[in-house]
Amino acid sequence: MKTDFILPDIGEGIIECEVIEWKVKEGDLIKEDQIVVDVSTDKAIVEIPSMHSGRVTKLYYGAGDIAKVHSPLYAIDINDVQTSEPVSEETKPDLKLELVKQQPIAKDPLDNTKVLTTPAVRKLARQNDLDLSKISGSGKRGRVLKEDVLRHLDKPLAPIGPTLVAVVQDRREPIVGVRKIMARHLSDSVSSIPHFTFVDEIDVTELIKLRASLKVRYGNDDFKITLMPLLMKALSLSLLAFPIINSRVDSDFSELTYLASHNIGMAVDGKTGLLVPNVKDVQQRSIVEIAQEIGRLTGAARSGIISPADLKGGTLTVSNIGAIGGISAAPIINKPEVAIVALGKIQGLPRFDSNGQLVERQIMTVSWSGDHRVIDGATIARFNNHWKAYLETPDTMMANMI
Amino acid sequence: MTSHANLDAYENNYNSFQRGIVMAKFNGTTGTLRFTESTDLSIPVLSILNSEGELRKGARSPVIDKDTALKIYRAMTYIRVLDERMISAQRQGRLSFYLTCAGEEAAVVGSIAGFTDRDMVMAQYREQAALRYRGFTSEQFMNQLLSNDLDLGKGRQMPVHYGSRALNYMTISSPLATQIPQAAGYAYGQKLSGNDACTVCYFGDGAASEGDFHAGLNMAAVLNCPVVFVVRNNGYAISTPSSEQFAGDGIAPRGIGYGIKTIRVDGNDILAVYAAGVAARKLAVDTSAPVMIETMSYRLGAHSTSDDPTSYRNAEEEQLWAEKDPILRMRKWLFGKGWWSDQQDHQLITNYKKEILDALKSQEKRSAPSLNGLITDVYQTPPQHLQQQYAELQQHIDKYPDHYLANPDKTNGTYQSASVQLP
C-alpha cells in the first residue's frame, strides 16, 4: 500500500519547514522508526522518523526546499518489505540515551548543529555555506549571533600577498524578503506556464495630445495624469470585448474563471524589489480616479509601505519598462493571471501617413506574453488590435465608456 | 533554644498592640556593622551513591528492599522509553506536543517512592514518572496524549496534562506555579481533616521565580501545612540558564527564608532522593509542617518538542550530564546488589518499547472524545450562554464537515485541522 507521509505541524503553529537533509533515497527500504529526514522550523531542527517499514517511493522536496505543513513530504510503499532482518523487535535494546544525540564533541567541518546558536542563524549559515564553528561568537558563552555571521560575510578576504590588498572582492548576501518571494513566484510562473510573446507597435501621437490637455485640466500637485490611466482604461474597455484575457485557471487546470473585476496591476520598481500593486475595478473608475489611485499605489510601493490588499487580486499586469528604456521585452506572467504587457519607450519615428507622406509619429512598442494554455496568438492579436484602436483614436473610447 | 529564649524575652517587652509590627527572630545584638551575605548560608548536597553506583564513604544508605528498588527502576526505565517513543510519535504527527522527563527520573521517582498512595500529588508537567510509579498504564498515557474518548480529561487539555483521581494525581495546569499555593491549601485541608496524609508538590527552578511560589511557601509555613515541595533544579527555565534566573544559591535558601525545613540532594542519585523523600514525608505528617527538597539535576532532552536546546546550551555540557544519567547509575547499583542483570535490563526495555508502541497503535484508532465534554463538568447544568455557544459550534461543524472529522468516523486519534491556505 502506497501512502504519503504528511508533514505535521511539529512546532506549535508553524506553516512550513526547510528540508535540511534526506537520510534516505527514493527506492530505499526503511524500517519503522528509522530517521527519514532532518527539517528545520523557525524554532528547531528536528529529525522525522518513519511511522512504517517499507520502501520509499518518492521524496517530494529536495534538500534546501521549503516543505509545507499538512502536505506530503515523502511517499512510502508499506507492503514492499522484504528485508532479510526482522523489522520489529530490532535495534538498540539498550537505553544508551537515545534522547540525547551523542555526537562526538570533536566537530565535523560543516556540522553546524552543535554550535551554540539559534535556528535562524543556522539557516543563514547554510544559505551562505558557512561553517559556524569557524565564526567566533560574541554572545553569552560564545553564542554565535546573527550579527557575527553578517560581520563574517562582510569581512574582506585575507589578502594573499602585500601587493594585492586593494583587489576587488566578491560580496555575498542572503536572498531574503521581497526578493526571495519574487524569485519563487517568477520561477513558479515560468516553470508552470507555457509563455508565448507577441509584439506590435502603437501610434500614440493622439493619445499624447489628449493626455496633455487632461493634464492641464485635471492634474494637480497630488497626482499627475500620465499615459498610464488612459492605457488602463482602454485595456479595461477591450477586456469587456475579450473577457478571456481577464481570466484565470486553477492549479490543476480543470476550470477557467472569467473575472468580473478588471484589477490592473502595474510593476513598480520599489525600494525593496519588484512590486505589482493593482488598481481595483478599473471598469468602474473614471480616468481621473484611475490616475489618483495610480498615484497612491506608486507612492506606497516606492516607500516600501504598501498594504497586502493592494498587492492581491490582480487580474492583468502592465509593465512600463520603457520608462527606463528599451523597446520590446518578453515579460513573465504574474501567475495566476493569463497575460501581461510590457510597454516600450515612446519614440518619435518617421512613418508614412495616408497620403504617402513621411511624417513624425510617436510610436510605442508593446510586448505581450500570454498563457498559451488559455489564449492563443490570434486572440492576443485581436485583443491588441482592439486596444490599439482606442489608443490611436482615443476619442472612440468615449463612445464606449460606461 | 537560645534564640527562642531571646525571642521570648524580646517579645515580652512589647505589649499586645505592638505585636502587630512585623518582627524578625531575635539573635542578640552586635556592635559590629556587618551585612549578612548569601554565602553565609551554606547548604550541602546529600549524595549517597557515587557515579559508579557504589556507596560513598561515610554515606548511609536508606533502608530499601529489593521490590521497592525494582519498582523504582522499572518506573524510571519505562518513562525513558516512553519519552523516546513519544518524541518520535510527535515528529510523525501522531500527537501535537510532548515534554520529556529524561534526566530527572531519579528526582521524580525517588521522591514519590517515599510517599504513600494516599498522599496527593500536585505536579508541574515533567513528572509523568511519578504517575507511572503509582500505576498509570500505557493505555492511560496514550488516551491522554492522543485525546481520545477514554482520556480521563475528556480531551480538554494539551498532551502531558495528565490527571487521575484514582491515583491522587491532580490534573496538570498549564499556567506555571499555580499548583504551589494550591498544594499548601490542599495540605491544610488534609491537616484539618486529620487523615494522616500529606501533599507532594513538584515544580522547577523557573517556577520558583513566580509570585505564586512565594505566596504558597509562606502560606504553607505560617499555617503549618503538611506539604513537601520538591523543586527540580535542572539549571534552565526553558532556555534561561540559572545564572540569568537568580543571583542567590539556588532555591533551597528561599525555603529556609520562609521558615521551612529544607534539604538539597543530588537529583541523579536515587538513594539520596529516596532517603530525602522518606524523611520529608515523615517530617511533614508527624510534625504537620512543610518541607522542601531541592533536587540538583539536568534536563537531558529539550524543554518540549517545540524547543531546540542547541540554541542555548553546548554539546560539552550535555555530554557531561549524559554521563551522570540517573538510570545508568541506579542500574550499576542494582547490578552491584545482585538484584538485576544485563539480560533482564534488555528484556525490560524491549518489552516496554513493544508495550508502548502497541498501546499507541491501538489507542490512536479510538474515536475522539464526545464534543459535549466541552461544556460539562464545571457547572451542574451548563448555563444558557455555554449551551448557545455549543449549538453554534455544532452548526459550524455541520456547515464545514470536511474541516472536522465527525466523532465516530475520526481517524488517527486527533481532529485533523483544516489546512490553512495562506497567501
# chains A, B, ... in the order shown; residues from 1 in each chain; ligands from 1
>>> interface_residues(of="chain B", to="chain A", cutoff="7 Å", atoms="only C-alpha atoms", output="ChimeraX atom specification")
/B:84,88,90-93,300-301,305-308,310-316,346,349-350,419
>>> residues_around(residues="Gln140 (chain B)", least_positions_apart="3", cutoff="9 Å", atoms="only C-alpha atoms", output="PyMOL selection string")
chain B and resi 136-137+143-145+150-152+359
>>> write_last_selection(atoms="N, CA and C atoms", output="PDB file, in the first residue's frame")
ATOM      1  N   PHE B 136      -0.085   4.265  36.559  1.00  0.00           N
ATOM      2  CA  PHE B 136      -0.730   4.704  35.314  1.00  0.00           C
ATOM      3  C   PHE B 136      -0.294   3.759  34.189  1.00  0.00           C
ATOM      4  N   THR B 137      -1.251   3.292  33.372  1.00  0.00           N
ATOM      5  CA  THR B 137      -0.917   2.284  32.361  1.00  0.00           C
ATOM      6  C   THR B 137      -0.559   2.935  31.017  1.00  0.00           C
ATOM      7  N   ASN B 143      -4.202   7.452  25.973  1.00  0.00           N
ATOM      8  CA  ASN B 143      -5.522   8.081  25.905  1.00  0.00           C
ATOM      9  C   ASN B 143      -5.416   9.588  26.135  1.00  0.00           C
ATOM     10  N   GLN B 144      -4.570   9.960  27.093  1.00  0.00           N
ATOM     11  CA  GLN B 144      -4.406  11.398  27.356  1.00  0.00           C
ATOM     12  C   GLN B 144      -3.643  12.065  26.221  1.00  0.00           C
ATOM     13  N   LEU B 145      -2.511  11.462  25.823  1.00  0.00           N
ATOM     14  CA  LEU B 145      -1.659  12.102  24.816  1.00  0.00           C
ATOM     15  C   LEU B 145      -2.381  12.260  23.485  1.00  0.00           C
ATOM     16  N   LEU B 150     -11.321   7.835  25.687  1.00  0.00           N
ATOM     17  CA  LEU B 150     -11.072   7.298  27.025  1.00  0.00           C
ATOM     18  C   LEU B 150     -10.187   8.222  27.870  1.00  0.00           C
ATOM     19  N   ASP B 151      -9.770   9.337  27.314  1.00  0.00           N
ATOM     20  CA  ASP B 151      -8.944  10.281  28.075  1.00  0.00           C
ATOM     21  C   ASP B 151      -9.697  10.713  29.324  1.00  0.00           C
ATOM     22  N   LEU B 152      -9.032  10.599  30.472  1.00  0.00           N
ATOM     23  CA  LEU B 152      -9.694  10.966  31.728  1.00  0.00           C
ATOM     24  C   LEU B 152     -10.053  12.454  31.734  1.00  0.00           C
ATOM     25  N   ALA B 359       0.309   0.075  22.495  1.00  0.00           N
ATOM     26  CA  ALA B 359      -0.733   0.942  23.075  1.00  0.00           C
ATOM     27  C   ALA B 359      -0.989   2.143  22.171  1.00  0.00           C
TER      28      ALA B 359
END
>>> closest_residue(among="A:Pro350, A:Pro331, A:Pro229, A:Gly322", to="Ile287 (chain A)", atoms="only C-alpha atoms")
A:Pro229
>>> residues_around(residues="Arg126 (chain B)", least_positions_apart="4", cutoff="7 Å", atoms="only C-alpha atoms", output="list of chain:residue names")
B:Leu99, B:Thr100, B:Cys101
>>> residues_around(residues="Leu150 (chain A)", least_positions_apart="3", cutoff="10 Å", atoms="only C-alpha atoms", output="list in words")
Val121, Leu124, Ala125, Leu145, Lys146, Glu147, Leu153, Asp154, Lys155, Arg172, Glu173 and Pro174 of chain A
>>> write_last_selection(atoms="N, CA and C atoms", output="compact mmCIF listing (two decimals), in the first residue's frame")
# COMPACT_ATOMS: atom_id res chain seq x y z
N VAL A 121 20.02 31.64 12.79
CA VAL A 121 21.42 31.85 12.43
C VAL A 121 21.95 30.64 11.66
N LEU A 124 20.91 30.99 8.14
CA LEU A 124 21.73 31.98 7.45
C LEU A 124 23.08 31.36 7.07
N ALA A 125 23.64 30.56 7.98
CA ALA A 125 24.93 29.92 7.71
C ALA A 125 24.80 28.92 6.56
N LEU A 145 25.91 35.00 17.15
CA LEU A 145 24.74 35.85 16.89
C LEU A 145 24.64 36.13 15.39
N LYS A 146 23.46 36.57 14.99
CA LYS A 146 23.26 36.91 13.59
C LYS A 146 24.27 37.96 13.13
N GLU A 147 24.54 38.93 14.01
CA GLU A 147 25.49 39.99 13.69
C GLU A 147 26.87 39.40 13.39
N LEU A 153 30.37 37.68 6.87
CA LEU A 153 30.10 37.73 5.43
C LEU A 153 30.66 39.00 4.81
N ASP A 154 30.65 40.08 5.57
CA ASP A 154 31.14 41.35 5.05
C ASP A 154 32.65 41.45 5.09
N LYS A 155 33.26 40.61 5.93
CA LYS A 155 34.69 40.75 6.16
C LYS A 155 35.45 40.49 4.87
N ARG A 172 28.78 38.54 -0.87
CA ARG A 172 27.63 37.64 -0.80
C ARG A 172 26.59 38.26 0.09
N GLU A 173 25.35 38.08 -0.28
CA GLU A 173 24.32 38.50 0.66
C GLU A 173 23.16 37.53 0.58
N PRO A 174 22.51 37.30 1.69
CA PRO A 174 21.40 36.35 1.68
C PRO A 174 20.23 36.88 0.87
>>> atom_distance(atom1="CA of Val199 (chain A)", atom2="CA of Ser367 (chain A)")
4.4 Å
>>> select_by_dssp(residues="region 231-375 of chain B", states="strand (DSSP E)", output="ChimeraX atom specification")
/B:231-233,236-237,240-241,261-266,291-296
>>> write_last_selection(atoms="N, CA and C atoms", output="short mmCIF file (atom, residue, chain, number, x, y, z; two decimals), in the first residue's frame")
data_model
loop_
_atom_site.label_atom_id
_atom_site.label_comp_id
_atom_site.auth_asym_id
_atom_site.auth_seq_id
_atom_site.Cartn_x
_atom_site.Cartn_y
_atom_site.Cartn_z
N VAL B 231 11.55 20.72 44.52
CA VAL B 231 12.00 21.64 43.46
C VAL B 231 13.00 20.91 42.61
N ARG B 232 12.66 20.73 41.34
CA ARG B 232 13.64 20.13 40.43
C ARG B 232 14.49 21.26 39.86
N ASN B 233 15.69 21.37 40.35
CA ASN B 233 16.58 22.42 39.82
C ASN B 233 17.40 21.79 38.70
N TYR B 236 17.86 25.17 34.00
CA TYR B 236 17.27 26.00 32.95
C TYR B 236 15.78 26.20 33.17
N ALA B 237 15.33 27.43 33.00
CA ALA B 237 13.90 27.71 32.92
C ALA B 237 13.60 27.85 31.43
N THR B 240 16.31 29.85 29.72
CA THR B 240 17.03 30.79 30.59
C THR B 240 17.89 30.03 31.60
N PRO B 241 19.21 30.19 31.54
CA PRO B 241 20.04 29.46 32.49
C PRO B 241 19.90 30.06 33.90
N LYS B 261 11.81 23.68 56.72
CA LYS B 261 12.95 22.75 56.77
C LYS B 261 13.28 22.31 55.35
N THR B 262 14.54 22.42 55.00
CA THR B 262 14.93 22.26 53.60
C THR B 262 16.15 21.36 53.47
N ILE B 263 16.16 20.55 52.43
CA ILE B 263 17.32 19.72 52.15
C ILE B 263 17.63 19.81 50.65
N ARG B 264 18.92 19.74 50.32
CA ARG B 264 19.33 19.75 48.92
C ARG B 264 19.98 18.40 48.64
N VAL B 265 19.56 17.78 47.55
CA VAL B 265 20.09 16.44 47.24
C VAL B 265 20.58 16.36 45.79
N ASP B 266 21.46 15.41 45.56
CA ASP B 266 21.89 15.08 44.20
C ASP B 266 20.70 14.41 43.51
N VAL B 291 7.95 20.95 54.17
CA VAL B 291 9.35 20.57 53.99
C VAL B 291 9.70 20.88 52.53
N MET B 292 10.96 21.22 52.27
CA MET B 292 11.37 21.42 50.88
C MET B 292 12.57 20.55 50.55
N ILE B 293 12.51 19.95 49.35
CA ILE B 293 13.64 19.17 48.83
C ILE B 293 14.06 19.83 47.51
N GLU B 294 15.31 20.20 47.39
CA GLU B 294 15.80 20.72 46.11
C GLU B 294 16.65 19.63 45.47
N THR B 295 16.19 19.12 44.32
CA THR B 295 16.96 18.06 43.64
C THR B 295 17.81 18.71 42.55
N MET B 296 19.11 18.52 42.62
CA MET B 296 20.02 19.11 41.64
C MET B 296 20.20 18.13 40.49
#
